[in-house]
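Engineer: One structure, pasted below without further comment.
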Amino acid sequence: MARRAKWEPSNVIDREGMTPLYLQVADLIAARISSGELAPNRPVPSEHELAAAFGVARGTARKALGVLKDRGLVVAVNGRGTFVRERP
């Protein structure tokens with residue numbers, strides 16, 4: 001089984017800005033998908049891992065993943081996790 005990349009804590013979250021934290025986290029993950037750091041058909045870090053890496057609440061991480069699903073970048077697979085979607 002492939003090992004997941006360890007996510008380092010991020011200091012790029014602007015906690016005092018007007019952009020909601022969940023959108024900032026979603027944008028950072030989307031950038032990693034676009035760059036190829038998160039490859040298609042590979043798992044996205046779990047809510048727990050994202051919350052720890054970005055220093056946000058688990059609910060914030062969950063909302064960020066929801067934004068990515070709405071954007072069509074990831075897909076949730078019951079009992080398996082959330083994966084980067086194949087690009088057409």
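Note on naming: chains are A, B, ... as they come in the structure tokens, residues start from 1 per chain, ligands start from 1 in the order shown.
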Extract the full set of alpha helix (DSSP H) residues from chain A according to DSSP on the backbone, and format it as a PyMOL selection string.

Structural biologist: chain A and resi 21-35+47-54+58-70

Engineer: To test your reading of the structure, identify every residue in chain A that backbone DSSP assigns to strand (DSSP E), and report it as a PyMOL selection string.

Structural biologist: chain A and resi 74-77+81-84

Engineer: Could you name the residues that touch Arg58 (chain A) at 12 Å or less, counting only C-alpha atoms, but leaving out those on the same chain fewer than 2 positions away, as a ChimeraX atom specification?

Structural biologist: /A:21-22,25,46-56,60-65

Engineer: Near Ile29 (chain A), within 10 Å and counting only C-alpha atoms, which residues show up once chain neighbours fewer than 4 positions away are dropped, as a CSV table (one decimal) with C-alpha atoms, in the first residue's frame?

Structural biologist:
chain,number,residue,atom,x,y,z
A,23,LEU,CA,-11.8,28.4,1.6
A,24,GLN,CA,-8.2,29.1,2.2
A,25,VAL,CA,-7.6,25.4,3.1
A,33,ILE,CA,-3.9,19.0,-7.0
A,34,SER,CA,-3.1,21.4,-9.9
A,35,SER,CA,0.6,21.1,-9.3
A,37,GLU,CA,1.6,16.9,-5.8
A,38,LEU,CA,-1.7,15.2,-5.2
A,44,VAL,CA,-6.4,13.3,-0.1
A,45,PRO,CA,-5.3,13.5,3.5
A,50,LEU,CA,-5.8,18.3,7.3
A,64,ALA,CA,-12.9,22.5,2.7
A,65,LEU,CA,-13.2,19.0,1.4
A,68,LEU,CA,-13.3,20.6,-3.4
A,73,LEU,CA,-11.7,18.1,-7.9

Engineer: Can you list every residue of region 7-44 of chain A that has an atom at most 7 Å from region 82-88 of chain A, with its nearest atom pair and the distance in Å to one decimal, using only C-alpha atoms, ordered by chain then number, as JSON lines?

Structural biologist:
{"residue": "A:Ala39", "atom": "CA", "partner": "A:Val84", "partner_atom": "CA", "distance": 6.5}
{"residue": "A:Pro40", "atom": "CA", "partner": "A:Val84", "partner_atom": "CA", "distance": 4.8}
{"residue": "A:Asn41", "atom": "CA", "partner": "A:Val84", "partner_atom": "CA", "distance": 5.3}
{"residue": "A:Arg42", "atom": "CA", "partner": "A:Phe83", "partner_atom": "CA", "distance": 5.3}
{"residue": "A:Pro43", "atom": "CA", "partner": "A:Phe83", "partner_atom": "CA", "distance": 4.2}
{"residue": "A:Val44", "atom": "CA", "partner": "A:Phe83", "partner_atom": "CA", "distance": 5.4}

Engineer: Output C-alpha atoms for every residue in the selection just made, as a PDB file, in the first residue's frame.

Structural biologist:
ATOM      1  CA  ALA A  39      -2.145  12.836  -8.183  1.00  0.00           C
ATOM      2  CA  PRO A  40      -5.421  11.582  -9.688  1.00  0.00           C
ATOM      3  CA  ASN A  41      -6.907   8.474  -8.042  1.00  0.00           C
ATOM      4  CA  ARG A  42      -4.776   9.041  -4.930  1.00  0.00           C
ATOM      5  CA  PRO A  43      -6.208   9.811  -1.490  1.00  0.00           C
ATOM      6  CA  VAL A  44      -6.429  13.311  -0.114  1.00  0.00           C
TER       7      VAL A  44
END

Engineer: Can you measure CA of Gly72 (chain A) to CA of Asp14 (chain A) for me? One decimal in Å is fine.

Structural biologist: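 Computed distance, CA of Gly72 (chain A) to CA of Asp14 (chain A), equals 24.9 Å.
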